There are 2 protein chains.
Amino acid sequence: MLTVFGTIALDTTRTPFRTQVNVLGGAATFASLSSSFFTRTSIIGVIGSDFPADYKKILDNRIDTRGIIKNNNGRCFHYDSSFDYDLSYRTTNKTELNVIADFRPTVPPEYTNTDYLYLANNDPTQNMKILEHFSNPKLTICDTIEYWILHKRGEVIKMMSRVDGVVINQEEARLLCDEYNLVKCAKYIMSFGPEFVAIKKGENGALFFFEDIIFPAPAYPLDVVVDPTGAGDSFAGGFIGYLAQQKKRTTNVMKEAVIYGNVMGAFAVQDFGISAFLSLSGKDIQSRYEKYRDMVSLG
Amino acid sequence: MLTVFGTIALDTTRTPFRTQVNVLGGAATFASLSSSFFTRTSIIGVIGSDFPADYKKILDNRIDTRGIIKNNNGRCFHYDSSFDYDLSYRTTNKTELNVIADFRPTVPPEYTNTDYLYLANNDPTQNMKILEHFSNPKLTICDTIEYWILHKRGEVIKMMSRVDGVVINQEEARLLCDEYNLVKCAKYIMSFGPEFVAIKKGENGALFFFEDIIFPAPAYPLDVVVDPTGAGDSFAGGFIGYLAQQKKRTTNVMKEAVIYGNVMGAFAVQDFGISAFLSLSGKDIQSRYEKYRDMVSLG
C-alpha cells in the first residue's frame with residue numbers, strides 16, 4: 001500500500017477566464033487521487049468542520065481515508081491564488097492554515113505496514129515524525145516548498161537525507177541549492193543522501209536524476225491548459241503510484257515512472273482542481289502513456 | 001550545398017564571470033559553423049573594415065566565404081549584451097548596425113545551385129529577395145526576431161509562407177501569434193504554409209511540429225554553461241546541416257535533425273562565442289548524439 005501525507009484543502013483559484021471558490025485541493029488530495037489509478041492508496045491529513053460531504057465522498061471512492069482527522073473546532077486549510085493570463089505565474093492572495101496550524105498527525109494502525117510513502121510539502125519536522133512510524137518501507141519520497149527552505153533549511157536537508165527520493169520544483173531546487181544550474185542542484189541534493197531526484201519544470205516537464213543517469217522528460221504537449229493547480233502533486237502521485245506496482249527499480253522502470261508522472265500532471269491541468277480525475281480511466285492513462293512514448297521515440 | 005544568409009558580427013558579451021570584447025559572432029556565423037560539421041556550407045553576409053583577419057580565417061577554414069562582402073567604408077555589425085548571474089536573461093546594451101544598415105545582399109553565381117537554404121533573422125523582405133535567387137531548393141528554413149515581428153509583421157508572415165520550415169524562439173513565437181500556448185502557436189505558424197516549425201526553448205530544448213506530429217526534445221543537460229550566445233543559431237545550423245545529408249525527410253530523420261540541433265546548441269554554450277566549435281570534431285558530435293539517444297531512450 002501507498003500512504004500519502006499532506007494537505008487537504010479548499011482552494012479558491014482565479015484564472016482570467018474563471019474563478020472557482022472552495023474547490024477540493026491540497027497536495028495530498030492531488031497526489032493520492034493521482035496514485036490511486038495505479039495502486040491502493042491511503043491518506044493522512046486533517047479537514048475542518050466546513051469540509052463538504054461530497055468532497056469526502058470523492059476521496060472515499062478512490063482512497064483509504066481512515067487517516068483523515070476531522071477537526072470540528074476549525075475550518076479547512078484554505079489557499080486562495082490567482083493565475084496570470086498565460087496561466088504561467090501564480091500569485092498567492094491568501095493562505096489560511098486553520099486546522100493545519102496545530103495538527104499533530106498520527107498514523108492509523110491500519111497504515112503501519114505500508115510499503116510506499118509520499119510525504120508532500122509539509123513541515124519537514126512533521127514529515128520526519130511520520131517517517132518514524134514506518135519500520136521498513138520499500139520507498140519513501142518527499143517534496144518541499146519555499147516556506148520550509150526559507151524557515152527550516154536544516155530540517156529540509158535532514159528530511160531529504162532520510163528518504164529514498166526527492167520530488168521538487170525547479171524554483172525550489174534553485175533556492176535550496178543557491179544554484180541556477182539544475183544538474184548541479186540535483187547533484188547537491190543527492191549529496192544529502194537520496195537515491196534519486198525529480199526536478200519538476202512545469203510546462204517543460206521534468207529532469208530526473210538516478211544514480212549517474214539523467215533522464216530529461218519533456219511535458220506531454222497540450223493545446224489547452226485550464227488550471228495548473230496540482231500538476232506537481234499529480235506528477236508525484238503518478239510517479240510513486242507506478243513504482244508501487246513494480247517489482248524492481250531498474251533504470252527503465254524509473255524512466256517509465258517519470259513518464260506516468262508527466263502524463264498524470266498533464267491530465268490534472270486540463271480541468272479545474274481535481275475535476276479531470278473524476279472522469280479519468282486507466283485506459284485513458286495507458287493511451288496517453290503510449291502516445292507519449294510514440295512521440296518521443298527515435299525509431 | 002547549404003547556403004546561410006545572415007549577420008556576421010563582432011559581439012561584446014558580458015557575463016558576471018567575464019567580459020569578452022569584439023568576439024566573432026552573428027547568426028550566420030554560428031549557423032554556418034555549426035552546419036559545416038554536417039555538410040558543405042556557404043555564407044552570404046557583410047563585414048566591415050574592422051573585421052579581424054584571424055576571424056576571416058576561422059570562417060575560411062570551414063565554409064565557403066565567397067558570399068561575404070567586405071565594405072571598407074564602415075565597421076562591422078556590433079552587438080553588445082549582458083547576461084544576468086544565471087546566464088538566463090540577456091540585456092541588450094547596444095546594437096550598432098554599421099555595414100548591415102545599407103547592405104544589399106547578392107548571391108554569388110557559385111551559390112545559385114544550392115539545395116539547402118537557411119535564412120537567419122534578417123529583414124524578412126531581404127530574406128524573400130534572397131529566396132528568389134534560388135530556382136528550386138530542396139529545403140528552405142527561416143528564423144525571425146522581435147524587431148521584425150514588431151515592425152514588419154506582414155512581411156514576416158509572407159516570408160514564412162514561402163519557406164519549408166520555421167525555426168523560432170518561444171518568446172518570438174508567442175509574440176508573433178499573440179498566444180502563450182506553444183502548440184497553438186505552432187499550428188498558427190503552420191497555417192501560413194510551412195511544413196514544419198521548430199520552437200526553441202533555450203535550456204528547455206525544442207518543440208518540433210511536423211505534419212500532425214509533435215516531437216518534444218529536451219535540451220542536452222549540461223552542468224556548465226559559459227555563454228548562451230548563438231545557441232539557437234547553432235541549433236538551426238545542426239538541424240539543417242543534418243537534413244542536407246539525408247535522402248528523405250521521414251519522421252525519424254526530422255527527429256534526428258532536432259536532436260543534432262540540440263547537440264550543437266549544447267556545444268555552443270560551453271565556451272565563449274564560437275570557441276567551442278574550434279576544437280570540436282565529428283566524433284565529439286556523434287558521441288554526444290548517442291549519449292543523448294541513450295539518455296532519452298525508453299528501453
# chains A, B, ... in the order shown; residues from 1 in each chain; ligands from 1

$ closest_atom_pairs --of "chain A" --to "chain B" --cutoff "8 Å" --atoms "only C-alpha atoms" --output "Markdown table"
| residue | atom | partner | partner_atom | distance |
| --- | --- | --- | --- | --- |
| A:Asp86 | CA | B:Tyr180 | CA | 5.8 |
| A:Tyr180 | CA | B:Asp86 | CA | 5.8 |
| A:Asn181 | CA | B:Asp223 | CA | 6.3 |
| A:Leu182 | CA | B:Asp223 | CA | 7.5 |
| A:Val183 | CA | B:Asp223 | CA | 5.3 |
| A:Lys184 | CA | B:Asp223 | CA | 5.9 |
| A:Asn204 | CA | B:Asn204 | CA | 6.3 |
| A:Ile213 | CA | B:Met295 | CA | 7.4 |
| A:Ile214 | CA | B:Met295 | CA | 6.5 |
| A:Phe215 | CA | B:Met295 | CA | 5.7 |
| A:Pro216 | CA | B:Pro218 | CA | 6.1 |
| A:Ala217 | CA | B:Pro218 | CA | 6.8 |
| A:Pro218 | CA | B:Pro218 | CA | 5.9 |
| A:Ala219 | CA | B:Pro216 | CA | 7.8 |
| A:Pro221 | CA | B:Val183 | CA | 7.0 |
| A:Leu222 | CA | B:Val183 | CA | 6.7 |
| A:Asp223 | CA | B:Val183 | CA | 5.2 |
| A:Val224 | CA | B:Asn181 | CA | 7.6 |
| A:Asn252 | CA | B:Gly299 | CA | 6.1 |
| A:Lys255 | CA | B:Leu298 | CA | 6.8 |
| A:Glu256 | CA | B:Leu298 | CA | 7.3 |
| A:Arg293 | CA | B:Leu298 | CA | 7.7 |
| A:Met295 | CA | B:Phe215 | CA | 5.7 |
| A:Val296 | CA | B:Phe215 | CA | 6.0 |
| A:Ser297 | CA | B:Ser297 | CA | 7.3 |
| A:Leu298 | CA | B:Asn252 | CA | 6.2 |
| A:Gly299 | CA | B:Asn252 | CA | 6.1 |

$ write_last_selection --atoms "N, CA and C atoms" --output "PDB file, in the first residue's frame"
ATOM      1  N   ASP A  86      -1.464  34.037 -18.927  1.00  0.00           N
ATOM      2  CA  ASP A  86      -0.816  32.891 -19.571  1.00  0.00           C
ATOM      3  C   ASP A  86      -0.945  31.614 -18.749  1.00  0.00           C
ATOM      4  N   TYR A 180      21.694  28.057  -9.931  1.00  0.00           N
ATOM      5  CA  TYR A 180      20.721  28.078 -11.028  1.00  0.00           C
ATOM      6  C   TYR A 180      20.728  26.774 -11.830  1.00  0.00           C
ATOM      7  N   ASN A 181      21.905  26.239 -12.067  1.00  0.00           N
ATOM      8  CA  ASN A 181      22.037  25.054 -12.930  1.00  0.00           C
ATOM      9  C   ASN A 181      21.391  23.823 -12.273  1.00  0.00           C
ATOM     10  N   LEU A 182      20.427  23.240 -12.960  1.00  0.00           N
ATOM     11  CA  LEU A 182      19.646  22.163 -12.334  1.00  0.00           C
ATOM     12  C   LEU A 182      20.420  20.854 -12.211  1.00  0.00           C
ATOM     13  N   VAL A 183      21.393  20.647 -13.082  1.00  0.00           N
ATOM     14  CA  VAL A 183      22.230  19.442 -12.948  1.00  0.00           C
ATOM     15  C   VAL A 183      23.040  19.532 -11.659  1.00  0.00           C
ATOM     16  N   LYS A 184      23.590  20.723 -11.422  1.00  0.00           N
ATOM     17  CA  LYS A 184      24.336  20.929 -10.171  1.00  0.00           C
ATOM     18  C   LYS A 184      23.404  20.825  -8.958  1.00  0.00           C
ATOM     19  N   ASN A 204       7.625  22.553 -18.956  1.00  0.00           N
ATOM     20  CA  ASN A 204       8.817  21.995 -19.585  1.00  0.00           C
ATOM     21  C   ASN A 204       9.164  20.601 -19.064  1.00  0.00           C
ATOM     22  N   ILE A 213      22.610   8.586 -13.836  1.00  0.00           N
ATOM     23  CA  ILE A 213      21.807   8.769 -15.046  1.00  0.00           C
ATOM     24  C   ILE A 213      20.982  10.053 -14.956  1.00  0.00           C
ATOM     25  N   ILE A 214      20.906  10.766 -16.091  1.00  0.00           N
ATOM     26  CA  ILE A 214      19.990  11.905 -16.191  1.00  0.00           C
ATOM     27  C   ILE A 214      18.946  11.557 -17.237  1.00  0.00           C
ATOM     28  N   PHE A 215      17.690  11.731 -16.884  1.00  0.00           N
ATOM     29  CA  PHE A 215      16.606  11.491 -17.826  1.00  0.00           C
ATOM     30  C   PHE A 215      15.793  12.777 -17.966  1.00  0.00           C
ATOM     31  N   PRO A 216      16.002  13.508 -19.074  1.00  0.00           N
ATOM     32  CA  PRO A 216      15.204  14.713 -19.285  1.00  0.00           C
ATOM     33  C   PRO A 216      13.893  14.302 -19.954  1.00  0.00           C
ATOM     34  N   ALA A 217      12.774  14.569 -19.302  1.00  0.00           N
ATOM     35  CA  ALA A 217      11.471  14.124 -19.816  1.00  0.00           C
ATOM     36  C   ALA A 217      10.573  15.322 -20.067  1.00  0.00           C
ATOM     37  N   PRO A 218      10.378  15.666 -21.336  1.00  0.00           N
ATOM     38  CA  PRO A 218       9.524  16.823 -21.646  1.00  0.00           C
ATOM     39  C   PRO A 218       8.089  16.565 -21.187  1.00  0.00           C
ATOM     40  N   ALA A 219       7.354  17.638 -20.975  1.00  0.00           N
ATOM     41  CA  ALA A 219       5.945  17.501 -20.611  1.00  0.00           C
ATOM     42  C   ALA A 219       5.160  16.983 -21.809  1.00  0.00           C
ATOM     43  N   PRO A 221       2.707  17.512 -24.469  1.00  0.00           N
ATOM     44  CA  PRO A 221       2.246  18.802 -25.021  1.00  0.00           C
ATOM     45  C   PRO A 221       0.720  18.893 -25.059  1.00  0.00           C
ATOM     46  N   LEU A 222       0.220  19.988 -24.577  1.00  0.00           N
ATOM     47  CA  LEU A 222      -1.231  20.215 -24.538  1.00  0.00           C
ATOM     48  C   LEU A 222      -1.549  21.531 -25.221  1.00  0.00           C
ATOM     49  N   ASP A 223      -2.665  21.580 -25.956  1.00  0.00           N
ATOM     50  CA  ASP A 223      -3.030  22.873 -26.534  1.00  0.00           C
ATOM     51  C   ASP A 223      -4.061  23.613 -25.681  1.00  0.00           C
ATOM     52  N   VAL A 224      -4.565  22.967 -24.639  1.00  0.00           N
ATOM     53  CA  VAL A 224      -5.445  23.678 -23.712  1.00  0.00           C
ATOM     54  C   VAL A 224      -5.047  23.359 -22.275  1.00  0.00           C
ATOM     55  N   ASN A 252      14.958   1.623 -16.583  1.00  0.00           N
ATOM     56  CA  ASN A 252      13.776   1.753 -17.431  1.00  0.00           C
ATOM     57  C   ASN A 252      12.500   1.943 -16.635  1.00  0.00           C
ATOM     58  N   LYS A 255      12.391   5.491 -15.502  1.00  0.00           N
ATOM     59  CA  LYS A 255      12.011   6.380 -16.605  1.00  0.00           C
ATOM     60  C   LYS A 255      10.512   6.299 -16.887  1.00  0.00           C
ATOM     61  N   GLU A 256       9.991   5.074 -16.881  1.00  0.00           N
ATOM     62  CA  GLU A 256       8.552   4.905 -17.113  1.00  0.00           C
ATOM     63  C   GLU A 256       7.747   5.637 -16.032  1.00  0.00           C
ATOM     64  N   ARG A 293       5.137   7.885 -25.442  1.00  0.00           N
ATOM     65  CA  ARG A 293       6.282   7.058 -25.858  1.00  0.00           C
ATOM     66  C   ARG A 293       6.507   7.172 -27.358  1.00  0.00           C
ATOM     67  N   MET A 295       5.592   9.575 -29.335  1.00  0.00           N
ATOM     68  CA  MET A 295       6.009  10.936 -29.663  1.00  0.00           C
ATOM     69  C   MET A 295       7.515  11.110 -29.497  1.00  0.00           C
ATOM     70  N   VAL A 296       8.057  10.621 -28.379  1.00  0.00           N
ATOM     71  CA  VAL A 296       9.486  10.844 -28.107  1.00  0.00           C
ATOM     72  C   VAL A 296      10.363   9.724 -28.663  1.00  0.00           C
ATOM     73  N   SER A 297       9.736   8.683 -29.208  1.00  0.00           N
ATOM     74  CA  SER A 297      10.523   7.552 -29.723  1.00  0.00           C
ATOM     75  C   SER A 297      11.382   7.981 -30.916  1.00  0.00           C
ATOM     76  N   LEU A 298      12.581   7.402 -30.981  1.00  0.00           N
ATOM     77  CA  LEU A 298      13.515   7.810 -32.028  1.00  0.00           C
ATOM     78  C   LEU A 298      13.676   6.737 -33.103  1.00  0.00           C
ATOM     79  N   GLY A 299      12.772   5.791 -33.134  1.00  0.00           N
ATOM     80  CA  GLY A 299      12.752   4.789 -34.207  1.00  0.00           C
ATOM     81  C   GLY A 299      13.921   3.831 -34.160  1.00  0.00           C
TER      82      GLY A 299
END

$ select_by_dssp --residues "region 139-277 of chain B" --states "strand (DSSP E or B)" --output "list in words"
Leu139, Thr140, Ile141, Cys142, Gly165, Val166, Val167, Ile168, Asn169, Phe196, Val197, Ala198, Ile199, Lys200, Ala206, Leu207, Phe208, Phe209, Phe210, Ile213, Ile214, Phe215, Pro216 and Ala217 of chain B

$ write_last_selection --atoms "C-alpha atoms" --output "compact mmCIF listing (two decimals), in the first residue's frame"
# COMPACT_ATOMS: atom_id res chain seq x y z
CA LEU B 139 14.72 22.83 -48.32
CA THR B 140 14.40 26.41 -47.09
CA ILE B 141 14.20 27.48 -43.47
CA CYS B 142 13.88 30.91 -41.88
CA GLY B 165 10.29 25.35 -42.25
CA VAL B 166 10.44 27.93 -39.49
CA VAL B 167 12.87 27.93 -36.57
CA ILE B 168 11.87 30.43 -33.89
CA ASN B 169 12.38 31.18 -30.18
CA PHE B 196 7.33 22.24 -40.05
CA VAL B 197 8.08 24.54 -37.12
CA ALA B 198 10.81 24.19 -34.52
CA ILE B 199 10.19 26.28 -31.40
CA LYS B 200 13.42 26.79 -29.48
CA ALA B 206 12.81 22.43 -28.50
CA LEU B 207 9.26 21.59 -29.51
CA PHE B 208 9.12 20.35 -33.07
CA PHE B 209 5.97 20.23 -35.19
CA PHE B 210 5.88 18.30 -38.45
CA ILE B 213 3.40 15.09 -35.24
CA ILE B 214 4.75 16.84 -32.15
CA PHE B 215 8.26 15.97 -31.02
CA PRO B 216 9.22 17.49 -27.67
CA ALA B 217 13.03 17.31 -27.46

$ select_by_dssp --residues "region 112-295 of chain A" --states "alpha helix (DSSP H)" --output "number ranges by chain"
A: 124-132, 146-151, 153-161, 170-177, 182-191, 231-244, 251-268, 275-278, 282-295

$ closest_residue --among "A:Met190, A:Ile69, A:Leu150, A:Ile240" --to "Asp178 (chain A)" --atoms "only C-alpha atoms"
A:Leu150

$ atom_distance --atom1 "CA of Val156 (chain A)" --atom2 "CA of Ile100 (chain A)"
18.8 Å

$ atom_distance --atom1 "CA of Ala266 (chain A)" --atom2 "CA of Gly202 (chain A)"
9.6 Å

$ closest_residue --among "B:Arg75, B:Lys283, B:Lys158, B:Arg174" --to "Phe192 (chain B)" --atoms "only C-alpha atoms"
B:Lys158

$ closest_residue --among "A:Glu155, A:Glu110, A:Glu195, A:Asp233" --to "Leu176 (chain A)" --atoms "only C-alpha atoms"
A:Glu155

$ residues_around --residues "region 48-63 of chain A" --least-positions-apart "3" --cutoff "6 Å" --atoms "only C-alpha atoms" --output "CSV table (one decimal) with N, CA and C atoms, in the first residue's frame"
chain,number,residue,atom,x,y,z
A,41,THR,N,-4.2,3.3,-2.3
A,41,THR,CA,-3.6,4.5,-1.7
A,41,THR,C,-4.4,4.9,-0.5
A,42,SER,N,-3.6,5.3,0.6
A,42,SER,CA,-4.3,5.8,1.8
A,42,SER,C,-3.7,7.2,2.1
A,70,LYS,N,-10.9,14.7,11.3
A,70,LYS,CA,-11.8,15.8,11.2
A,70,LYS,C,-11.8,16.7,12.5
A,71,ASN,N,-11.4,17.9,12.3
A,71,ASN,CA,-11.3,18.8,13.5
A,71,ASN,C,-12.5,19.7,13.4
A,72,ASN,N,-13.5,19.5,14.3
A,72,ASN,CA,-14.7,20.2,14.2
A,72,ASN,C,-14.6,21.6,14.8
A,74,GLY,N,-12.4,23.8,13.9
A,74,GLY,CA,-11.8,24.7,13.0
A,74,GLY,C,-12.2,24.6,11.5
A,75,ARG,N,-11.7,25.4,10.7
A,75,ARG,CA,-12.1,25.4,9.3
A,75,ARG,C,-10.9,24.7,8.5
A,76,CYS,N,-11.2,24.3,7.3
A,76,CYS,CA,-10.2,23.6,6.4
A,76,CYS,C,-9.1,24.6,6.1
